[in-house]
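structure-v4.cif (mmCIF, C-alpha atoms) appears below.
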```cif
data_data
loop_
_atom_site.label_atom_id
_atom_site.label_comp_id
_atom_site.auth_asym_id
_atom_site.auth_seq_id
_atom_site.Cartn_x
_atom_site.Cartn_y
_atom_site.Cartn_z
CA MET M 56 -118.58 -69.83 52.23
CA ARG M 57 -121.89 -68.40 51.00
CA ALA M 58 -124.32 -70.44 53.08
CA LEU M 59 -128.09 -70.78 52.92
CA ILE M 60 -129.85 -72.18 55.98
CA THR M 61 -133.41 -73.37 55.48
CA GLY M 62 -135.36 -73.28 58.73
CA ALA M 63 -133.14 -70.41 59.87
CA SER M 64 -135.71 -69.19 62.42
CA GLY M 65 -135.84 -72.60 64.07
CA PHE M 66 -134.04 -74.14 67.01
CA VAL M 67 -131.00 -75.54 65.20
CA GLY M 68 -131.05 -72.96 62.42
CA GLY M 69 -130.53 -70.05 64.78
CA HIS M 70 -127.58 -71.68 66.50
CA LEU M 71 -126.03 -72.66 63.15
CA ALA M 72 -126.40 -69.16 61.70
CA ASN M 73 -124.60 -67.66 64.68
CA HIS M 74 -121.84 -70.26 64.53
CA LEU M 75 -121.22 -69.89 60.80
CA ALA M 76 -121.16 -66.09 61.13
CA THR M 77 -118.42 -66.31 63.77
CA ARG M 78 -116.40 -68.38 61.28
CA GLY M 79 -116.63 -65.61 58.69
CA ALA M 80 -119.26 -67.20 56.45
CA GLU M 81 -121.75 -65.11 54.50
CA VAL M 82 -125.01 -66.49 55.93
CA PHE M 83 -128.46 -66.30 54.37
CA GLY M 84 -131.65 -67.67 55.89
CA ALA M 85 -134.98 -68.92 54.60
CA ASP M 86 -138.00 -69.79 56.70
CA ARG M 87 -141.78 -69.80 56.48
CA LEU M 88 -141.90 -67.70 59.68
CA PRO M 89 -140.92 -64.02 59.50
CA GLN M 90 -139.51 -63.76 63.00
CA SER M 91 -135.83 -64.58 63.30
CA PRO M 92 -133.72 -64.46 66.47
CA VAL M 93 -130.57 -64.53 64.32
CA SER M 94 -131.14 -61.55 62.02
CA SER M 95 -127.82 -59.99 63.07
CA SER M 96 -126.02 -63.11 61.81
CA LEU M 97 -127.55 -62.96 58.33
CA ALA M 98 -126.00 -61.24 55.34
CA ALA M 99 -129.45 -60.12 54.11
CA PRO M 100 -133.00 -60.03 55.48
CA LEU M 101 -134.57 -63.42 56.05
CA PHE M 102 -136.22 -64.89 52.95
CA VAL M 103 -139.77 -65.67 54.08
CA GLY M 104 -141.79 -68.23 52.18
CA ASP M 105 -142.81 -71.84 51.68
CA LEU M 106 -140.48 -74.46 50.24
CA LEU M 107 -143.47 -75.89 48.37
CA ASP M 108 -143.79 -72.58 46.51
CA GLU M 109 -141.58 -73.05 43.44
CA SER M 110 -141.37 -69.33 42.71
CA PHE M 111 -140.14 -68.61 46.25
CA VAL M 112 -137.47 -71.33 46.13
CA ARG M 113 -136.31 -70.19 42.68
CA ALA M 114 -136.13 -66.54 43.69
CA ALA M 115 -134.15 -67.28 46.86
CA LEU M 116 -131.65 -69.60 45.15
CA THR M 117 -131.24 -67.25 42.17
CA TYR M 118 -130.44 -64.34 44.47
CA ILE M 119 -128.19 -66.17 46.92
CA LYS M 120 -126.36 -68.61 44.60
CA PRO M 121 -125.12 -70.49 47.67
CA THR M 122 -121.90 -72.47 47.80
CA HIS M 123 -123.37 -74.43 50.73
CA ILE M 124 -126.92 -75.25 51.78
CA PHE M 125 -127.80 -76.48 55.27
CA HIS M 126 -131.30 -77.88 54.81
CA LEU M 127 -132.79 -77.88 58.31
CA ALA M 128 -136.39 -76.89 57.55
CA GLY M 129 -138.93 -79.51 58.57
CA ILE M 130 -142.04 -80.40 60.52
CA LEU M 131 -141.72 -82.17 63.87
CA SER M 132 -144.15 -84.63 65.39
CA GLY M 133 -147.06 -82.86 67.08
CA ALA M 134 -146.87 -79.79 64.83
CA PRO M 135 -150.00 -78.36 63.15
CA GLY M 136 -150.99 -80.24 60.03
CA GLY M 137 -150.20 -83.68 61.40
CA TYR M 138 -148.48 -86.37 59.42
CA GLU M 139 -149.60 -84.97 56.06
CA ALA M 140 -147.63 -81.78 56.72
CA GLN M 141 -144.60 -83.84 57.74
CA TYR M 142 -144.54 -85.68 54.42
CA ARG M 143 -145.26 -82.57 52.37
CA VAL M 144 -142.61 -80.37 53.93
CA ASN M 145 -139.96 -82.91 54.90
CA VAL M 146 -140.04 -84.82 51.61
CA LEU M 147 -141.55 -82.62 48.91
CA GLY M 148 -139.84 -79.50 50.27
CA THR M 149 -136.51 -81.31 49.92
CA VAL M 150 -137.37 -82.43 46.40
CA ALA M 151 -138.27 -78.83 45.49
CA ILE M 152 -134.84 -77.56 46.55
CA PHE M 153 -132.94 -80.14 44.51
CA GLU M 154 -135.14 -79.84 41.44
CA THR M 155 -134.74 -76.05 41.50
CA LEU M 156 -130.97 -76.35 41.89
CA GLN M 157 -130.88 -78.65 38.87
CA SER M 158 -133.02 -76.33 36.75
CA LEU M 159 -130.81 -73.34 37.64
CA GLY M 160 -127.60 -75.21 36.95
CA LEU M 161 -126.40 -74.82 40.54
CA SER M 162 -124.51 -77.54 42.40
CA PRO M 163 -123.70 -76.38 45.94
CA TRP M 164 -122.68 -78.70 48.74
CA VAL M 165 -125.90 -79.64 50.58
CA LEU M 166 -126.37 -80.96 54.11
CA VAL M 167 -129.73 -82.62 54.68
CA SER M 168 -130.55 -82.91 58.37
CA SER M 169 -132.18 -86.27 59.04
CA SER M 170 -132.85 -87.95 62.38
CA SER M 171 -131.90 -90.96 64.47
CA GLY M 172 -135.64 -91.65 64.40
CA VAL M 173 -135.09 -93.53 61.13
CA TYR M 174 -133.38 -96.30 63.12
CA GLY M 175 -136.35 -96.93 65.43
CA SER M 176 -135.62 -99.79 67.86
CA PRO M 177 -132.34 -101.15 66.50
CA GLN M 178 -130.99 -104.65 66.98
CA GLN M 179 -127.53 -103.32 67.84
CA GLN M 180 -126.12 -100.72 70.20
CA PRO M 181 -124.35 -98.44 69.54
CA ILE M 182 -126.03 -97.69 66.23
CA ASP M 183 -123.75 -97.06 63.27
CA GLU M 184 -124.70 -95.73 59.85
CA SER M 185 -125.09 -99.23 58.37
CA CYS M 186 -127.89 -100.10 60.79
CA GLY M 187 -131.21 -100.89 59.09
CA TRP M 188 -134.18 -98.54 59.29
CA GLN M 189 -137.24 -99.26 61.43
CA PRO M 190 -139.14 -95.93 61.64
CA LEU M 191 -141.90 -96.08 64.25
CA THR M 192 -143.55 -92.70 63.57
CA HIS M 193 -144.66 -90.74 60.53
CA TYR M 194 -142.00 -88.17 61.38
CA ALA M 195 -139.29 -90.84 61.24
CA ALA M 196 -140.71 -92.27 58.02
CA SER M 197 -140.78 -88.81 56.45
CA LYS M 198 -137.11 -88.30 57.36
CA ALA M 199 -136.22 -91.65 55.79
CA ALA M 200 -138.03 -90.59 52.62
CA GLN M 201 -136.26 -87.22 52.75
CA GLU M 202 -132.92 -89.01 52.78
CA MET M 203 -133.91 -91.02 49.72
CA ALA M 204 -134.89 -87.83 47.89
CA ALA M 205 -131.48 -86.35 48.71
CA LEU M 206 -129.69 -89.50 47.59
CA GLN M 207 -131.66 -89.51 44.32
CA ALA M 208 -130.57 -85.92 43.64
CA HIS M 209 -126.95 -86.82 44.29
CA LEU M 210 -127.05 -89.86 42.00
CA ALA M 211 -129.10 -88.26 39.22
CA TYR M 212 -127.68 -84.73 39.22
CA GLY M 213 -124.26 -85.09 40.83
CA ILE M 214 -125.07 -82.58 43.59
CA PRO M 215 -122.76 -83.23 46.59
CA VAL M 216 -124.95 -84.28 49.52
CA VAL M 217 -124.21 -85.03 53.16
CA ARG M 218 -126.95 -86.66 55.20
CA THR M 219 -126.75 -86.28 58.99
CA ARG M 220 -128.68 -88.48 61.39
CA THR M 221 -128.73 -86.36 64.50
CA PHE M 222 -129.69 -87.92 67.81
CA ASN M 223 -131.46 -86.08 70.65
CA MET M 224 -130.44 -82.48 71.23
CA ILE M 225 -130.49 -80.11 74.19
CA GLY M 226 -130.38 -76.33 73.89
CA SER M 227 -131.99 -72.92 74.14
CA GLY M 228 -134.88 -72.40 71.76
CA GLN M 229 -135.84 -76.06 71.73
CA ALA M 230 -139.54 -76.77 71.20
CA LEU M 231 -141.57 -77.44 74.34
CA SER M 232 -142.86 -80.61 72.73
CA LEU M 233 -139.40 -82.13 73.27
CA LEU M 234 -138.50 -83.77 76.56
CA THR M 235 -135.69 -81.72 78.04
CA SER M 236 -137.24 -78.37 77.18
CA GLU M 237 -140.59 -79.36 78.65
CA LEU M 238 -138.95 -80.61 81.85
CA ALA M 239 -137.03 -77.34 82.19
CA GLN M 240 -140.21 -75.33 81.75
CA GLN M 241 -141.94 -77.41 84.44
CA VAL M 242 -139.12 -76.62 86.86
CA VAL M 243 -139.38 -72.90 86.15
CA ALA M 244 -143.17 -72.98 86.57
CA ALA M 245 -142.75 -74.67 89.96
CA GLU M 246 -140.15 -72.07 91.00
CA ALA M 247 -142.65 -69.36 90.07
CA GLY M 248 -145.22 -70.73 92.49
CA GLY M 249 -146.83 -73.50 90.49
CA ARG M 250 -147.26 -77.11 91.55
CA PRO M 251 -143.96 -78.43 92.98
CA VAL M 252 -143.92 -81.51 90.74
CA ILE M 253 -142.31 -82.75 87.56
CA ARG M 254 -144.81 -84.73 85.47
CA VAL M 255 -143.28 -87.46 83.31
CA GLY M 256 -144.00 -90.70 81.49
CA ASN M 257 -141.45 -93.49 81.09
CA VAL M 258 -138.39 -92.55 83.14
CA THR M 259 -136.26 -95.55 82.12
CA ALA M 260 -135.99 -94.74 78.39
CA ARG M 261 -132.43 -93.85 77.42
CA ARG M 262 -131.29 -91.50 74.68
CA ASP M 263 -128.03 -90.18 73.23
CA PHE M 264 -128.05 -86.43 73.98
CA SER M 265 -125.83 -83.73 72.47
CA ASP M 266 -125.79 -80.00 73.04
CA VAL M 267 -127.08 -78.11 69.99
CA ARG M 268 -123.93 -75.96 70.03
CA ASP M 269 -121.85 -79.11 69.56
CA VAL M 270 -124.21 -80.29 66.82
CA VAL M 271 -123.84 -77.13 64.72
CA ARG M 272 -120.07 -77.35 65.09
CA ALA M 273 -120.31 -80.83 63.59
CA TYR M 274 -122.36 -79.52 60.67
CA ALA M 275 -119.83 -76.78 59.97
CA LEU M 276 -116.91 -79.21 60.15
CA LEU M 277 -118.65 -81.54 57.71
CA ALA M 278 -118.91 -78.60 55.31
CA ASP M 279 -115.15 -78.17 55.61
CA LYS M 280 -114.10 -81.82 55.52
CA SER M 281 -116.68 -84.03 53.82
CA ALA M 282 -117.70 -84.12 50.16
CA GLY M 283 -120.62 -86.45 50.83
CA GLY M 284 -121.94 -89.46 52.71
CA VAL M 285 -124.06 -90.13 55.78
CA PHE M 286 -123.00 -89.40 59.36
CA ASN M 287 -124.42 -89.96 62.82
CA VAL M 288 -124.17 -86.82 64.95
CA CYS M 289 -124.21 -88.03 68.54
CA SER M 290 -122.15 -88.34 71.71
CA GLY M 291 -121.74 -92.11 71.82
CA SER M 292 -123.31 -92.46 75.27
CA SER M 293 -126.87 -92.51 76.60
CA HIS M 294 -128.72 -91.01 79.56
CA SER M 295 -132.11 -91.97 80.96
CA VAL M 296 -135.08 -89.69 81.43
CA GLN M 297 -134.57 -90.23 85.16
CA GLU M 298 -131.03 -88.82 84.87
CA CYS M 299 -132.46 -85.70 83.21
CA ILE M 300 -134.93 -85.33 86.07
CA ASP M 301 -132.22 -85.85 88.70
CA VAL M 302 -130.11 -83.02 87.23
CA PHE M 303 -133.09 -80.65 87.09
CA MET M 304 -134.13 -81.51 90.67
CA GLN M 305 -130.62 -80.73 91.89
CA LEU M 306 -130.68 -77.39 90.08
CA ALA M 307 -134.23 -76.45 91.10
CA ARG M 308 -134.67 -73.62 93.62
CA VAL M 309 -137.66 -75.34 95.25
CA PRO M 310 -138.15 -78.96 96.41
CA LEU M 311 -139.83 -81.02 93.69
CA GLN M 312 -141.60 -84.35 93.55
CA LEU M 313 -141.90 -86.74 90.64
CA GLU M 314 -145.34 -87.59 89.27
CA VAL M 315 -145.65 -90.33 86.63
CA GLU M 316 -148.66 -89.93 84.34
CA SER M 317 -149.78 -92.91 82.29
CA SER M 318 -151.02 -90.59 79.54
CA ARG M 319 -147.43 -89.54 78.90
CA ILE M 320 -146.21 -93.10 78.28
CA ARG M 321 -145.92 -93.86 74.57
CA THR M 322 -147.31 -97.08 73.16
CA ALA M 323 -144.33 -97.49 70.79
CA GLU M 324 -141.48 -96.46 73.07
CA ILE M 325 -137.86 -97.11 72.16
CA ASP M 326 -136.04 -98.43 75.23
CA GLU M 327 -132.63 -97.08 74.24
CA GLN M 328 -130.87 -95.32 71.40
CA VAL M 329 -127.14 -94.70 71.57
CA GLY M 330 -125.25 -93.76 68.44
CA ASP M 331 -121.81 -94.62 67.14
CA PRO M 332 -120.09 -91.32 66.17
CA ARG M 333 -116.79 -92.81 65.00
CA LYS M 334 -117.38 -92.04 61.31
CA LEU M 335 -117.94 -88.36 62.13
CA PHE M 336 -114.90 -88.32 64.42
CA GLN M 337 -112.69 -89.84 61.72
CA ALA M 338 -113.93 -87.51 58.97
CA THR M 339 -113.74 -84.22 60.86
CA GLY M 340 -111.97 -84.66 64.20
CA TRP M 341 -115.15 -83.43 65.92
CA GLN M 342 -115.62 -84.20 69.60
CA PRO M 343 -118.48 -83.08 71.87
CA GLU M 344 -117.31 -80.29 74.19
CA ILE M 345 -120.35 -79.51 76.36
CA SER M 346 -121.32 -82.02 79.04
CA PHE M 347 -124.80 -83.44 79.55
CA SER M 348 -125.22 -81.70 82.91
CA ASP M 349 -123.94 -78.35 81.61
CA SER M 350 -126.36 -78.54 78.67
CA LEU M 351 -129.29 -79.08 81.03
CA LYS M 352 -128.09 -76.29 83.31
CA ASP M 353 -127.87 -73.84 80.39
CA LEU M 354 -131.30 -74.91 79.14
CA LEU M 355 -132.83 -74.30 82.57
CA GLU M 356 -131.25 -70.85 82.74
CA HIS M 357 -132.66 -70.09 79.31
CA HIS M 358 -136.19 -70.92 80.50
CA ARG M 359 -135.68 -68.86 83.66
CA GLN M 360 -134.70 -65.89 81.50
CA ARG M 361 -137.76 -66.40 79.30
CA HIS M 362 -139.91 -66.37 82.43
CA ARG M 363 -138.28 -63.14 83.65
CA ASN M 364 -139.01 -61.65 80.24
CA GLY M 365 -142.65 -62.73 80.43
CA GLU M 366 -142.24 -65.19 77.55
CA ASN M 367 -143.27 -68.39 79.37
#
```
Go through the file and emit its structure as C-alpha cells.
Amino acid sequence: MRALITGASGFVGGHLANHLATRGAEVFGADRLPQSPVSSSLAAPLFVGDLLDESFVRAALTYIKPTHIFHLAGILSGAPGGYEAQYRVNVLGTVAIFETLQSLGLSPWVLVSSSSGVYGSPQQQPIDESCGWQPLTHYAASKAAQEMAALQAHLAYGIPVVRTRTFNMIGSGQALSLLTSELAQQVVAAEAGGRPVIRVGNVTARRDFSDVRDVVRAYALLADKSAGGVFNVCSGSSHSVQECIDVFMQLARVPLQLEVESSRIRTAEIDEQVGDPRKLFQATGWQPEISFSDSLKDLLEHHRQRHRNGEN
C-alpha cells in the first residue's frame, strides 16, 4: 500500500499514519500545518500546503501516485474562519482532490471521512447507514455536501470511494473544543492547583464513543476489505456526558465538584446518537477493542503528560 493521508498532522491523521506504518504501508502525509507528530511514520517529509491550491494538490499527487488515499483533512466547528472555511475546505478541498486525480489519470481507492453529524436527531436508534440526514450545524451540512462530492466522483469517474460516518471519538491529540478532551484538561488543571470543579453543560446527552485507535483500525480494514460504499464507524452503544464525568472524577487525584453552566448548553442539542456498526462488522470483521473507561483513562494520562511537559 502506498497511502496518502490528508490532514496527517491532525488528531486522527497522526494515529492512522502510525497504524498504517506498523502494517508495512508506505505512508505519505499532506497538511496545511508544517508540524507533524508522526514524521517518523512517513515515507517522505510532510507535504505542506492548501487543498484549495491546485498546484499543491497536483504536485503532491504526481509525486506520490498513491494506491490509497485517506482523506481526513477538514475544518471542525469553532475553528478559525467559521462556517465559510468549513464549506471551502470540507467540500471544495474534496472536489479538488478528485478533479486532480481525474486530470492525472489516477484512480486510487479513496476513503472520505464524514461524520455522524449528518444524521442530526434521527427518528431511529441505533442509526444505520440508510437513516435520513438532518444536519443541525454548518459543519454537519458541509460533511453531507462532502459526501455528495465524493459520490459524484465515484459515479462520474469510476474512482473507488468509501465514505465513513464516524461517531464521537476519544484519544490523545484530540482538540480541546471537543467534550472529552476539554473535560480531561479541566481535571488536570484542578490537579495542578486550579479550581476543583468540572464545568459542563447538558450532562444527560448521550453519544456513541470509540477510541481513535479502534477507529483507525477500522479505516485500515476497510482499505483491505471494501471496494466502496458507506459505513458507520461506531461502537453500537452510548454513554452520557455524566458517565464521562463520573469516570474522570474517579480517576482525579483531587476531590472535584460539578458545576453546570447555562452558557455551555447548546440550543440545538441532540439527546442521543448511537450508531449501528453491523455493516462495518460484516464487511471487515472489525470489533472495538478499547473500552470506554480505558479510553478516558488514557486521554487523562495524555493531558497529565502534556502538563508535565509545559504544553497545557
Gly340 of chain M: which residues within 9 Å, counting only C-alpha atoms, same-chain residues fewer than 4 positions away excluded, as a count of residues only? 3
Residue by residue, what does the PyMOL selection byres ((chain M and resi 288) around 8) grab here? Present the result as a PyMOL selection string. chain M and resi 219-222+270+273+286-287+289-290+330+332+335
Export of prior selection with C-alpha atoms as a PDB file, in the frame of the given file:
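Here's the written file part-v9.pdb:
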```pdb
ATOM      1  CA  THR M 219    -126.750 -86.280  58.990  1.00  0.00           C
ATOM      2  CA  ARG M 220    -128.680 -88.480  61.390  1.00  0.00           C
ATOM      3  CA  THR M 221    -128.730 -86.360  64.500  1.00  0.00           C
ATOM      4  CA  PHE M 222    -129.690 -87.920  67.810  1.00  0.00           C
ATOM      5  CA  VAL M 270    -124.210 -80.290  66.820  1.00  0.00           C
ATOM      6  CA  ALA M 273    -120.310 -80.830  63.590  1.00  0.00           C
ATOM      7  CA  PHE M 286    -123.000 -89.400  59.360  1.00  0.00           C
ATOM      8  CA  ASN M 287    -124.420 -89.960  62.820  1.00  0.00           C
ATOM      9  CA  CYS M 289    -124.210 -88.030  68.540  1.00  0.00           C
ATOM     10  CA  SER M 290    -122.150 -88.340  71.710  1.00  0.00           C
ATOM     11  CA  GLY M 330    -125.250 -93.760  68.440  1.00  0.00           C
ATOM     12  CA  PRO M 332    -120.090 -91.320  66.170  1.00  0.00           C
ATOM     13  CA  LEU M 335    -117.940 -88.360  62.130  1.00  0.00           C
TER      14      LEU M 335
END
```
For this structure, which residues satisfy the selection - the PyMOL selection byres ((chain M and resi 197) around 8) - when it is evaluated on the file as given? I want them as a PyMOL selection string. chain M and resi 141-142+145-146+193-196+198-201
Which value, in Å to one decimal, gives the distance between atom CA of Glu327 of chain M and atom CA of Gly62 of chain M? 28.5 Å
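Between atom CA of Glu81 of chain M and atom CA of Ala205 of chain M the separation is 24.1 Å.
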Atom pair atom CA of Thr259 of chain M + atom CA of Leu234 of chain M, distance 13.2 Å
Could you list the residues chosen by the PyMOL selection byres ((chain M and resi 237-244) around 12) in this structure as a PyMOL selection string? chain M and resi 225-236+245-256+296-314+350-363+365-367
Go ahead and dump the residues you just picked, C-alpha atoms, as a PDB file, in the frame of the given file.
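Full text of again.pdb as output:
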```
ATOM      1  CA  ILE M 225    -130.490 -80.110  74.190  1.00  0.00           C
ATOM      2  CA  GLY M 226    -130.380 -76.330  73.890  1.00  0.00           C
ATOM      3  CA  SER M 227    -131.990 -72.920  74.140  1.00  0.00           C
ATOM      4  CA  GLY M 228    -134.880 -72.400  71.760  1.00  0.00           C
ATOM      5  CA  GLN M 229    -135.840 -76.060  71.730  1.00  0.00           C
ATOM      6  CA  ALA M 230    -139.540 -76.770  71.200  1.00  0.00           C
ATOM      7  CA  LEU M 231    -141.570 -77.440  74.340  1.00  0.00           C
ATOM      8  CA  SER M 232    -142.860 -80.610  72.730  1.00  0.00           C
ATOM      9  CA  LEU M 233    -139.400 -82.130  73.270  1.00  0.00           C
ATOM     10  CA  LEU M 234    -138.500 -83.770  76.560  1.00  0.00           C
ATOM     11  CA  THR M 235    -135.690 -81.720  78.040  1.00  0.00           C
ATOM     12  CA  SER M 236    -137.240 -78.370  77.180  1.00  0.00           C
ATOM     13  CA  ALA M 245    -142.750 -74.670  89.960  1.00  0.00           C
ATOM     14  CA  GLU M 246    -140.150 -72.070  91.000  1.00  0.00           C
ATOM     15  CA  ALA M 247    -142.650 -69.360  90.070  1.00  0.00           C
ATOM     16  CA  GLY M 248    -145.220 -70.730  92.490  1.00  0.00           C
ATOM     17  CA  GLY M 249    -146.830 -73.500  90.490  1.00  0.00           C
ATOM     18  CA  ARG M 250    -147.260 -77.110  91.550  1.00  0.00           C
ATOM     19  CA  PRO M 251    -143.960 -78.430  92.980  1.00  0.00           C
ATOM     20  CA  VAL M 252    -143.920 -81.510  90.740  1.00  0.00           C
ATOM     21  CA  ILE M 253    -142.310 -82.750  87.560  1.00  0.00           C
ATOM     22  CA  ARG M 254    -144.810 -84.730  85.470  1.00  0.00           C
ATOM     23  CA  VAL M 255    -143.280 -87.460  83.310  1.00  0.00           C
ATOM     24  CA  GLY M 256    -144.000 -90.700  81.490  1.00  0.00           C
ATOM     25  CA  VAL M 296    -135.080 -89.690  81.430  1.00  0.00           C
ATOM     26  CA  GLN M 297    -134.570 -90.230  85.160  1.00  0.00           C
ATOM     27  CA  GLU M 298    -131.030 -88.820  84.870  1.00  0.00           C
ATOM     28  CA  CYS M 299    -132.460 -85.700  83.210  1.00  0.00           C
ATOM     29  CA  ILE M 300    -134.930 -85.330  86.070  1.00  0.00           C
ATOM     30  CA  ASP M 301    -132.220 -85.850  88.700  1.00  0.00           C
ATOM     31  CA  VAL M 302    -130.110 -83.020  87.230  1.00  0.00           C
ATOM     32  CA  PHE M 303    -133.090 -80.650  87.090  1.00  0.00           C
ATOM     33  CA  MET M 304    -134.130 -81.510  90.670  1.00  0.00           C
ATOM     34  CA  GLN M 305    -130.620 -80.730  91.890  1.00  0.00           C
ATOM     35  CA  LEU M 306    -130.680 -77.390  90.080  1.00  0.00           C
ATOM     36  CA  ALA M 307    -134.230 -76.450  91.100  1.00  0.00           C
ATOM     37  CA  ARG M 308    -134.670 -73.620  93.620  1.00  0.00           C
ATOM     38  CA  VAL M 309    -137.660 -75.340  95.250  1.00  0.00           C
ATOM     39  CA  PRO M 310    -138.150 -78.960  96.410  1.00  0.00           C
ATOM     40  CA  LEU M 311    -139.830 -81.020  93.690  1.00  0.00           C
ATOM     41  CA  GLN M 312    -141.600 -84.350  93.550  1.00  0.00           C
ATOM     42  CA  LEU M 313    -141.900 -86.740  90.640  1.00  0.00           C
ATOM     43  CA  GLU M 314    -145.340 -87.590  89.270  1.00  0.00           C
ATOM     44  CA  SER M 350    -126.360 -78.540  78.670  1.00  0.00           C
ATOM     45  CA  LEU M 351    -129.290 -79.080  81.030  1.00  0.00           C
ATOM     46  CA  LYS M 352    -128.090 -76.290  83.310  1.00  0.00           C
ATOM     47  CA  ASP M 353    -127.870 -73.840  80.390  1.00  0.00           C
ATOM     48  CA  LEU M 354    -131.300 -74.910  79.140  1.00  0.00           C
ATOM     49  CA  LEU M 355    -132.830 -74.300  82.570  1.00  0.00           C
ATOM     50  CA  GLU M 356    -131.250 -70.850  82.740  1.00  0.00           C
ATOM     51  CA  HIS M 357    -132.660 -70.090  79.310  1.00  0.00           C
ATOM     52  CA  HIS M 358    -136.190 -70.920  80.500  1.00  0.00           C
ATOM     53  CA  ARG M 359    -135.680 -68.860  83.660  1.00  0.00           C
ATOM     54  CA  GLN M 360    -134.700 -65.890  81.500  1.00  0.00           C
ATOM     55  CA  ARG M 361    -137.760 -66.400  79.300  1.00  0.00           C
ATOM     56  CA  HIS M 362    -139.910 -66.370  82.430  1.00  0.00           C
ATOM     57  CA  ARG M 363    -138.280 -63.140  83.650  1.00  0.00           C
ATOM     58  CA  GLY M 365    -142.650 -62.730  80.430  1.00  0.00           C
ATOM     59  CA  GLU M 366    -142.240 -65.190  77.550  1.00  0.00           C
ATOM     60  CA  ASN M 367    -143.270 -68.390  79.370  1.00  0.00           C
TER      61      ASN M 367
END
```
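Every protein, DNA or RNA residue with an atom at most 9 Å from Val329 of chain M, where all atoms listed in the file count and chain neighbours fewer than 5 positions away do not, is listed here: Gln180, Pro181, Ile182, Phe222, Arg261, Arg262, Asp263, Phe264, Cys289, Ser290, Gly291, Ser292, Ser293 and His294 of chain M.
Those residues that approach segment 66-75 of chain M to within 6 Å, counting all atoms listed in the file, are Gly62, Ala63, Ser64, Thr77, Arg78, Ala80, Val93, Ser96, Gly228, Gln229 and Val271 of chain M; same-chain residues fewer than 2 positions away are not listed.
Restricting the calculation to only C-alpha atoms, the smallest distance between His123 of chain M and any of M:Gln178, M:Ser171, M:Thr61, M:Ser95 is found for M:Thr61.
For the set M:Leu88, M:Ile320, M:Val217, M:Leu97, the residue with the smallest atom-to-atom gap to Ala275 of chain M is M:Val217, counting all atoms listed in the file.
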